[in-house]
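Data block for work-v5.pdb (PDB, C-alpha atoms):
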ATOM      1  CA  MET A  19      79.613   5.930-130.836
ATOM      2  CA  PRO A  20      80.321   4.812-127.298
ATOM      3  CA  ASP A  21      77.499   5.415-124.889
ATOM      4  CA  PRO A  22      78.751   7.804-122.215
ATOM      5  CA  SER A  23      77.289   6.893-118.890
ATOM      6  CA  ILE A  24      78.529   8.426-115.683
ATOM      7  CA  GLN A  25      76.812   7.176-112.577
ATOM      8  CA  HIS A  26      76.639   9.520-109.643
ATOM      9  CA  HIS A  27      76.192   8.120-106.209
ATOM     10  CA  THR A  28      76.510   9.202-102.617
ATOM     11  CA  PHE A  29      76.941   6.811 -99.742
ATOM     12  CA  VAL A  30      77.574   7.213 -96.042
ATOM     13  CA  ILE A  31      79.344   4.812 -93.711
ATOM     14  CA  GLU A  32      79.463   5.307 -89.952
ATOM     15  CA  ARG A  33      81.658   3.762 -87.316
ATOM     16  CA  ARG A  34      82.142   4.166 -83.605
ATOM     17  CA  TYR A  35      85.645   3.640 -82.269
ATOM     18  CA  PRO A  36      86.721   3.409 -78.608
ATOM     19  CA  ALA A  37      89.494   5.930 -79.199
ATOM     20  CA  PRO A  38      89.477   9.725 -78.949
ATOM     21  CA  PRO A  39      89.246  11.824 -82.143
ATOM     22  CA  GLU A  40      92.946  12.743 -81.836
ATOM     23  CA  ARG A  41      93.966   9.106 -82.283
ATOM     24  CA  VAL A  42      91.560   8.506 -85.136
ATOM     25  CA  PHE A  43      92.778  11.677 -86.847
ATOM     26  CA  ALA A  44      96.397  10.526 -86.403
ATOM     27  CA  ALA A  45      95.542   7.306 -88.211
ATOM     28  CA  PHE A  46      94.644   9.436 -91.245
ATOM     29  CA  ALA A  47      97.441  11.993 -90.907
ATOM     30  CA  ASP A  48     100.403   9.717 -90.180
ATOM     31  CA  PRO A  49     101.415   7.946 -93.411
ATOM     32  CA  SER A  50     102.797   4.875 -91.662
ATOM     33  CA  LYS A  51      99.459   4.432 -89.888
ATOM     34  CA  LYS A  52      97.294   5.369 -92.865
ATOM     35  CA  ARG A  53      99.041   2.859 -95.098
ATOM     36  CA  ARG A  54      98.259  -0.013 -92.768
ATOM     37  CA  TRP A  55      94.502   0.290 -92.841
ATOM     38  CA  PHE A  56      93.976   2.115 -96.132
ATOM     39  CA  ALA A  57      96.328   0.329 -98.484
ATOM     40  CA  GLU A  58      97.245  -2.950 -96.840
ATOM     41  CA  GLY A  59      94.813  -5.761 -96.233
ATOM     42  CA  GLU A  60      93.262  -5.850 -99.687
ATOM     43  CA  LYS A  61      93.911  -8.861-101.902
ATOM     44  CA  ALA A  62      96.617  -6.979-103.753
ATOM     45  CA  ASN A  63     100.237  -5.997-103.319
ATOM     46  CA  VAL A  64     100.900  -2.406-102.338
ATOM     47  CA  GLU A  65     103.548  -1.249-104.781
ATOM     48  CA  ARG A  66     103.683   2.372-103.713
ATOM     49  CA  PHE A  67     102.194   4.551-101.020
ATOM     50  CA  GLU A  68     103.225   8.191-100.755
ATOM     51  CA  ALA A  69     101.416  10.701 -98.612
ATOM     52  CA  ASP A  70     101.693  14.432 -98.085
ATOM     53  CA  PHE A  71      98.954  15.197 -95.583
ATOM     54  CA  ARG A  72      98.188  18.924 -95.889
ATOM     55  CA  VAL A  73      95.661  21.047 -97.706
ATOM     56  CA  GLY A  74      96.703  20.893-101.332
ATOM     57  CA  GLY A  75      98.946  17.919-100.651
ATOM     58  CA  SER A  76      98.529  14.697-102.550
ATOM     59  CA  GLU A  77      98.638  11.022-101.767
ATOM     60  CA  TYR A  78      99.357   8.219-104.198
ATOM     61  CA  THR A  79      98.732   4.504-103.846
ATOM     62  CA  ARG A  80      99.462   1.831-106.399
ATOM     63  CA  PHE A  81      98.157  -1.722-106.026
ATOM     64  CA  HIS A  82      99.163  -4.681-108.081
ATOM     65  CA  PHE A  83      97.051  -7.804-108.489
ATOM     66  CA  ASP A  84      96.571 -10.612-110.981
ATOM     67  CA  SER A  85      94.556  -8.772-113.594
ATOM     68  CA  GLY A  86      96.485  -5.525-113.442
ATOM     69  CA  ALA A  87      97.408  -2.426-111.534
ATOM     70  CA  CYS A  88      95.136  -0.013-109.723
ATOM     71  CA  GLU A  89      96.083   3.525-108.747
ATOM     72  CA  ASN A  90      94.535   5.924-106.299
ATOM     73  CA  ASP A  91      95.362   9.629-106.672
ATOM     74  CA  THR A  92      94.179  11.662-103.704
ATOM     75  CA  ILE A  93      94.317  15.380-103.038
ATOM     76  CA  TYR A  94      93.448  16.937 -99.689
ATOM     77  CA  LEU A  95      90.985  19.815 -99.938
ATOM     78  CA  ASP A  96      90.224  20.697 -96.329
ATOM     79  CA  ILE A  97      91.750  19.541 -93.061
ATOM     80  CA  ARG A  98      90.495  20.535 -89.617
ATOM     81  CA  PRO A  99      92.687  18.707 -87.120
ATOM     82  CA  ASN A 100      90.803  16.129 -85.078
ATOM     83  CA  GLN A 101      87.535  17.219 -86.648
ATOM     84  CA  SER A 102      87.252  16.650 -90.372
ATOM     85  CA  ILE A 103      89.077  15.849 -93.567
ATOM     86  CA  VAL A 104      87.816  16.464 -97.083
ATOM     87  CA  PHE A 105      89.635  14.960-100.030
ATOM     88  CA  ALA A 106      89.075  14.115-103.656
ATOM     89  CA  TYR A 107      90.430  11.067-105.392
ATOM     90  CA  THR A 108      90.417   9.296-108.712
ATOM     91  CA  MET A 109      91.026   5.637-109.355
ATOM     92  CA  THR A 110      92.492   4.013-112.427
ATOM     93  CA  LEU A 111      92.678   0.430-113.548
ATOM     94  CA  ASN A 112      95.495  -0.418-115.934
ATOM     95  CA  GLY A 113      95.855   3.268-116.717
ATOM     96  CA  ASN A 114      92.163   3.901-117.374
ATOM     97  CA  ARG A 115      90.504   6.277-114.951
ATOM     98  CA  PHE A 116      87.181   4.848-113.873
ATOM     99  CA  SER A 117      86.001   7.067-111.048
ATOM    100  CA  SER A 118      86.338  10.437-109.394
ATOM    101  CA  SER A 119      85.077  11.044-105.879
ATOM    102  CA  GLN A 120      84.924  13.546-103.084
ATOM    103  CA  ALA A 121      85.102  12.055 -99.619
ATOM    104  CA  THR A 122      84.495  13.671 -96.238
ATOM    105  CA  VAL A 123      85.539  12.229 -92.909
ATOM    106  CA  GLU A 124      83.917  13.732 -89.834
ATOM    107  CA  LEU A 125      85.108  12.900 -86.333
ATOM    108  CA  LEU A 126      82.666  13.554 -83.532
ATOM    109  CA  PRO A 127      83.750  13.006 -79.939
ATOM    110  CA  THR A 128      81.578  10.737 -77.855
ATOM    111  CA  GLU A 129      81.733  10.515 -74.124
ATOM    112  CA  ASN A 130      79.569   8.520 -71.832
ATOM    113  CA  GLY A 131      80.113   9.511 -68.221
ATOM    114  CA  THR A 132      83.042   7.514 -66.859
ATOM    115  CA  GLN A 133      83.558   5.632 -70.103
ATOM    116  CA  GLU A 134      86.567   6.265 -72.277
ATOM    117  CA  LYS A 135      86.432   8.963 -74.885
ATOM    118  CA  GLY A 136      85.321   7.578 -78.208
ATOM    119  CA  THR A 137      84.805   8.786 -81.748
ATOM    120  CA  HIS A 138      81.805   8.683 -84.016
ATOM    121  CA  LEU A 139      83.228   8.648 -87.530
ATOM    122  CA  ILE A 140      81.040   9.584 -90.485
ATOM    123  CA  PHE A 141      82.434   8.844 -93.935
ATOM    124  CA  THR A 142      80.578  10.382 -96.879
ATOM    125  CA  GLU A 143      81.531   9.754-100.479
ATOM    126  CA  GLN A 144      80.069  11.523-103.477
ATOM    127  CA  GLY A 145      81.305   9.709-106.520
ATOM    128  CA  ALA A 146      81.194   9.886-110.283
ATOM    129  CA  TYR A 147      81.752   6.444-111.717
ATOM    130  CA  PHE A 148      82.674   6.181-115.382
ATOM    131  CA  GLU A 149      81.857   3.185-117.478
ATOM    132  CA  GLY A 150      82.767   2.413-121.019
ATOM    133  CA  ALA A 151      86.433   3.403-120.981
ATOM    134  CA  ASP A 152      87.323  -0.150-120.102
ATOM    135  CA  GLY A 153      83.989  -1.782-119.562
ATOM    136  CA  PRO A 154      84.791  -5.475-119.422
ATOM    137  CA  ALA A 155      87.877  -4.955-117.282
ATOM    138  CA  ILE A 156      85.950  -2.825-114.831
ATOM    139  CA  ARG A 157      83.121  -5.305-114.817
ATOM    140  CA  GLU A 158      85.557  -8.087-114.117
ATOM    141  CA  GLU A 159      87.230  -6.218-111.311
ATOM    142  CA  GLY A 160      83.922  -5.221-109.837
ATOM    143  CA  TRP A 161      82.736  -8.805-109.942
ATOM    144  CA  SER A 162      85.915 -10.268-108.526
ATOM    145  CA  VAL A 163      85.888  -7.787-105.666
ATOM    146  CA  LEU A 164      82.291  -8.618-104.912
ATOM    147  CA  LEU A 165      82.790 -12.342-105.267
ATOM    148  CA  ASN A 166      85.926 -12.302-103.160
ATOM    149  CA  GLN A 167      83.947 -10.890-100.305
ATOM    150  CA  LEU A 168      81.362 -13.592-100.569
ATOM    151  CA  PRO A 169      83.161 -16.269 -98.552
ATOM    152  CA  THR A 170      83.477 -13.782 -95.691
ATOM    153  CA  VAL A 171      79.821 -12.889 -95.892
ATOM    154  CA  LEU A 172      78.773 -16.513 -96.045
ATOM    155  CA  GLU A 173      80.839 -17.374 -93.016
ATOM    156  CA  ASP A 174      78.906 -14.934 -90.848
TER     157      ASP A 174
ATOM    158  CA  MET B   6      56.737 -10.435-105.115
ATOM    159  CA  PRO B   7      59.352 -11.854-102.770
ATOM    160  CA  SER B   8      60.484  -9.662 -99.889
ATOM    161  CA  GLN B   9      63.826  -7.879-100.025
ATOM    162  CA  ALA B  10      65.206 -10.300 -97.428
ATOM    163  CA  THR B  11      64.131 -13.248 -99.548
ATOM    164  CA  ARG B  12      65.663 -11.779-102.664
ATOM    165  CA  VAL B  13      68.958 -11.108-100.904
ATOM    166  CA  HIS B  14      68.931 -14.624 -99.526
ATOM    167  CA  ARG B  15      68.311 -16.092-102.969
ATOM    168  CA  VAL B  16      71.112 -14.048-104.517
ATOM    169  CA  PHE B  17      73.603 -15.169-101.901
ATOM    170  CA  HIS B  18      72.385 -18.733-102.173
ATOM    171  CA  ALA B  19      72.811 -18.559-105.925
ATOM    172  CA  LEU B  20      76.305 -17.066-105.675
ATOM    173  CA  GLY B  21      77.315 -19.401-102.865
ATOM    174  CA  ASP B  22      78.069 -22.147-105.343
ATOM    175  CA  PRO B  23      81.419 -21.931-107.196
ATOM    176  CA  THR B  24      79.999 -23.342-110.440
ATOM    177  CA  ARG B  25      77.222 -20.763-110.430
ATOM    178  CA  ARG B  26      79.764 -18.034-109.751
ATOM    179  CA  ALA B  27      81.707 -19.273-112.769
ATOM    180  CA  ILE B  28      78.532 -19.129-114.874
ATOM    181  CA  VAL B  29      77.828 -15.597-113.693
ATOM    182  CA  GLU B  30      81.391 -14.523-114.454
ATOM    183  CA  LYS B  31      81.079 -15.915-117.976
ATOM    184  CA  LEU B  32      77.732 -14.204-118.513
ATOM    185  CA  SER B  33      79.106 -10.897-117.284
ATOM    186  CA  TYR B  34      80.957 -10.719-120.600
ATOM    187  CA  GLY B  35      77.840 -11.343-122.664
ATOM    188  CA  PRO B  36      75.015 -13.797-123.321
ATOM    189  CA  ALA B  37      75.808 -17.459-123.909
ATOM    190  CA  SER B  38      73.916 -20.560-124.894
ATOM    191  CA  VAL B  39      73.327 -23.224-122.277
ATOM    192  CA  SER B  40      75.341 -25.743-124.237
ATOM    193  CA  SER B  41      78.308 -23.375-124.534
ATOM    194  CA  LEU B  42      78.432 -23.033-120.757
ATOM    195  CA  ALA B  43      78.681 -26.750-120.102
ATOM    196  CA  GLY B  44      81.930 -27.455-121.947
ATOM    197  CA  PRO B  45      84.315 -25.046-120.184
ATOM    198  CA  LEU B  46      82.847 -25.937-116.815
ATOM    199  CA  GLU B  47      83.218 -29.645-117.573
ATOM    200  CA  ILE B  48      79.702 -30.464-116.442
ATOM    201  CA  THR B  49      76.683 -31.816-118.250
ATOM    202  CA  VAL B  50      74.089 -29.617-119.893
ATOM    203  CA  ALA B  51      71.586 -31.004-117.396
ATOM    204  CA  ALA B  52      73.760 -29.736-114.550
ATOM    205  CA  VAL B  53      74.000 -26.308-116.179
ATOM    206  CA  VAL B  54      70.215 -26.202-116.493
ATOM    207  CA  GLN B  55      69.847 -26.947-112.783
ATOM    208  CA  HIS B  56      72.267 -24.174-111.868
ATOM    209  CA  LEU B  57      70.534 -21.771-114.231
ATOM    210  CA  GLN B  58      67.233 -22.496-112.514
ATOM    211  CA  VAL B  59      68.686 -21.327-109.216
ATOM    212  CA  LEU B  60      70.237 -18.290-110.891
ATOM    213  CA  GLU B  61      66.953 -17.405-112.568
ATOM    214  CA  ASP B  62      65.048 -17.758-109.301
ATOM    215  CA  SER B  63      67.475 -15.323-107.718
ATOM    216  CA  GLY B  64      66.850 -12.770-110.450
ATOM    217  CA  LEU B  65      70.471 -12.671-111.548
ATOM    218  CA  VAL B  66      70.074 -14.441-114.866
ATOM    219  CA  ARG B  67      67.410 -14.587-117.554
ATOM    220  CA  THR B  68      67.079 -17.350-120.130
ATOM    221  CA  THR B  69      65.142 -17.271-123.371
ATOM    222  CA  LYS B  70      64.582 -20.012-125.891
ATOM    223  CA  VAL B  71      64.588 -19.331-129.604
ATOM    224  CA  GLY B  72      64.018 -22.449-131.632
ATOM    225  CA  ARG B  73      66.169 -25.135-130.064
ATOM    226  CA  VAL B  74      68.717 -22.802-128.525
ATOM    227  CA  ARG B  75      68.356 -21.589-124.970
ATOM    228  CA  THR B  76      70.333 -18.412-124.339
ATOM    229  CA  CYS B  77      71.250 -17.048-120.926
ATOM    230  CA  ARG B  78      72.117 -13.497-120.059
ATOM    231  CA  MET B  79      72.661 -11.434-116.947
ATOM    232  CA  GLU B  80      69.454  -9.843-115.771
ATOM    233  CA  PRO B  81      70.217  -6.114-115.632
ATOM    234  CA  ALA B  82      67.758  -5.560-112.823
ATOM    235  CA  GLY B  83      69.345  -8.348-110.812
ATOM    236  CA  LEU B  84      72.696  -6.776-110.276
ATOM    237  CA  SER B  85      73.460  -3.966-112.681
ATOM    238  CA  VAL B  86      77.045  -3.051-113.375
ATOM    239  CA  ALA B  87      76.615   0.345-111.792
ATOM    240  CA  GLU B  88      75.073  -1.078-108.659
ATOM    241  CA  ARG B  89      77.756  -3.702-108.521
ATOM    242  CA  TRP B  90      80.430  -1.104-108.780
ATOM    243  CA  ILE B  91      78.886   1.134-106.211
ATOM    244  CA  ALA B  92      78.443  -1.811-103.888
ATOM    245  CA  SER B  93      82.058  -2.790-104.279
ATOM    246  CA  ARG B  94      83.209   0.792-103.718
ATOM    247  CA  ARG B  95      81.214   1.068-100.557
ATOM    248  CA  SER B  96      82.528  -2.314 -99.477
ATOM    249  CA  LEU B  97      86.095  -1.217-100.103
ATOM    250  CA  TRP B  98      85.672   1.633 -97.643
ATOM    251  CA  GLU B  99      83.794  -0.597 -95.210
ATOM    252  CA  ARG B 100      86.807  -2.919 -95.146
ATOM    253  CA  ARG B 101      89.198   0.009 -94.731
ATOM    254  CA  LEU B 102      87.239   1.468 -91.839
ATOM    255  CA  ASP B 103      87.065  -1.971 -90.220
ATOM    256  CA  ARG B 104      90.837  -2.228 -90.463
ATOM    257  CA  LEU B 105      91.139   1.274 -88.988
ATOM    258  CA  GLY B 106      89.166  -0.049 -86.034
ATOM    259  CA  ASP B 107      91.634  -2.926 -85.671
ATOM    260  CA  LEU B 108      94.562  -0.511 -85.769
ATOM    261  CA  LEU B 109      92.982   1.730 -83.129
ATOM    262  CA  ALA B 110      92.400  -1.279 -80.909
ATOM    263  CA  GLU B 111      96.127  -1.956 -80.765
ATOM    264  CA  PRO B 112      97.774  -0.687 -77.596
ATOM    265  CA  GLU B 113      99.496   2.661 -78.037
ATOM    266  CA  ARG B 114     103.218   2.488 -77.663
ATOM    267  CA  GLU B 115     104.933   5.276 -75.741
ATOM    268  CA  LEU B 116     107.406   7.051 -78.020
ATOM    269  CA  PRO B 117     110.808   7.855 -76.432
TER     270      PRO B 117
END

What does the file become when written as structure tokens?
Amino acid sequence: MPDPSIQHHTFVIERRYPAPPERVFAAFADPSKKRRWFAEGEKANVERFEADFRVGGSEYTRFHFDSGACENDTIYLDIRPNQSIVFAYTMTLNGNRFSSSQATVELLPTENGTQEKGTHLIFTEQGAYFEGADGPAIREEGWSVLLNQLPTVLED
Amino acid sequence: MPSQATRVHRVFHALGDPTRRAIVEKLSYGPASVSSLAGPLEITVAAVVQHLQVLEDSGLVRTTKVGRVRTCRMEPAGLSVAERWIASRRSLWERRLDRLGDLLAEPERELP
């Protein structure tokens, strides 16, 4: 009997950008912009990226790399223009779903006297990570992702 | 008990070597004897033992000897699968948000 183990985890990442919330929001809302930072840049080919940015709309990304294909299915749950975006997404590896998450993006305007308007971005993810469906494959992917980052870390 | 900073340093030192990364990748699929690691890596058993020492010091790997066979396995506390996954998920978004910063830093083009 397979041992069901779902790990739940919440993490928060913050960034400060020297651009007003409207521009940061546009980078999420405009598919041609979103694709560039969200999908491209990973060590994988972007096979498909389709976005329908509205509450109830979905977004689909498919990556292809050596050991298989990874899909991201996103649905938008709440959108407050220039303020916040809440979405849920699942990820699959070679057809096996391995996680389901809710993510929240908050955009807070920052202004410092005569300085340009900036944005304080807070990204919160609450995730349920499944293991066992495709254990070794997930382990391998997790390791290779981690190990691929290592050269970058070591260069710092 | 080494400090957190020391432990992190040891882990990165351990994983900084490509042969040790190969050992760790092999062990991520299950335990293996020291002698079985040497062949595929095309290094001597003595070399494997040296690498395993570093990996054990970093807390990533545990070795036990039963009779004449020394077996190595990933140390669950060192870097559990769940933690690894969570770390890589967080890292994925860290990279994305870094790239978003790069995109925002590009000059805006006026649309006609």

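For the choices B:Arg101, B:Leu46, B:Val39, B:Pro112, the atom-to-atom distance to chain A is smallest for B:Arg101 when using all atoms listed in the file.
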
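Of the listed residues (A:Phe141, A:Trp55, A:Tyr35, A:Phe71), A:Phe141 comes nearest to Ala121 in chain A; the distances count all atoms listed in the file.
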
Restrict the distance test to only C-alpha atoms, flag each residue of chain B within 6 Å of chain A, and return the flagged residues as a compact mmCIF listing (two decimals) with C-alpha atoms, in the frame of the given file.
# COMPACT_ATOMS: atom_id res chain seq x y z
CA TRP B 90 80.43 -1.10 -108.78
CA SER B 93 82.06 -2.79 -104.28
CA ARG B 101 89.20 0.01 -94.73
CA ARG B 104 90.84 -2.23 -90.46
CA LEU B 105 91.14 1.27 -88.99

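Selection result for the displayed file, with the PyMOL selection byres ((chain A and resi 85-88) around 9) as criterion, is Thr79, Arg80, Phe81, His82, Phe83, Asp84, Glu89, Asn90, Met109, Thr110, Leu111, Asn112, Gly113, Ala155 and Glu159 of chain A.
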
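Excluding range 71-80 of chain B and any residue on its chain fewer than 4 positions from it, the residues at most 10 Å away by only C-alpha atoms are B:Ile28, B:Val29, B:Glu30, B:Lys31, B:Leu32, B:Ser33, B:Tyr34, B:Gly35, B:Pro36, B:Ala37, B:Ser38, B:Val39, B:Ser40, B:Ser41, B:Leu42, B:Val54, B:Leu57, B:Leu60, B:Glu61, B:Ser63, B:Gly64, B:Leu65, B:Val66, B:Arg67, B:Leu84, B:Ser85.
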
What's the separation between CA of Ala47 in chain A and CA of Val104 in chain A, in Å to one decimal place?
12.3 Å

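In this model, the gap between CA of Glu65 in chain A and CA of Thr122 in chain A comes to 25.7 Å.
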
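Each of A:Lys61, A:Phe116, A:Asp70, A:Gly75 was compared to Asp96 in chain A using all atoms listed in the file, and A:Gly75 turns out to be the nearest.
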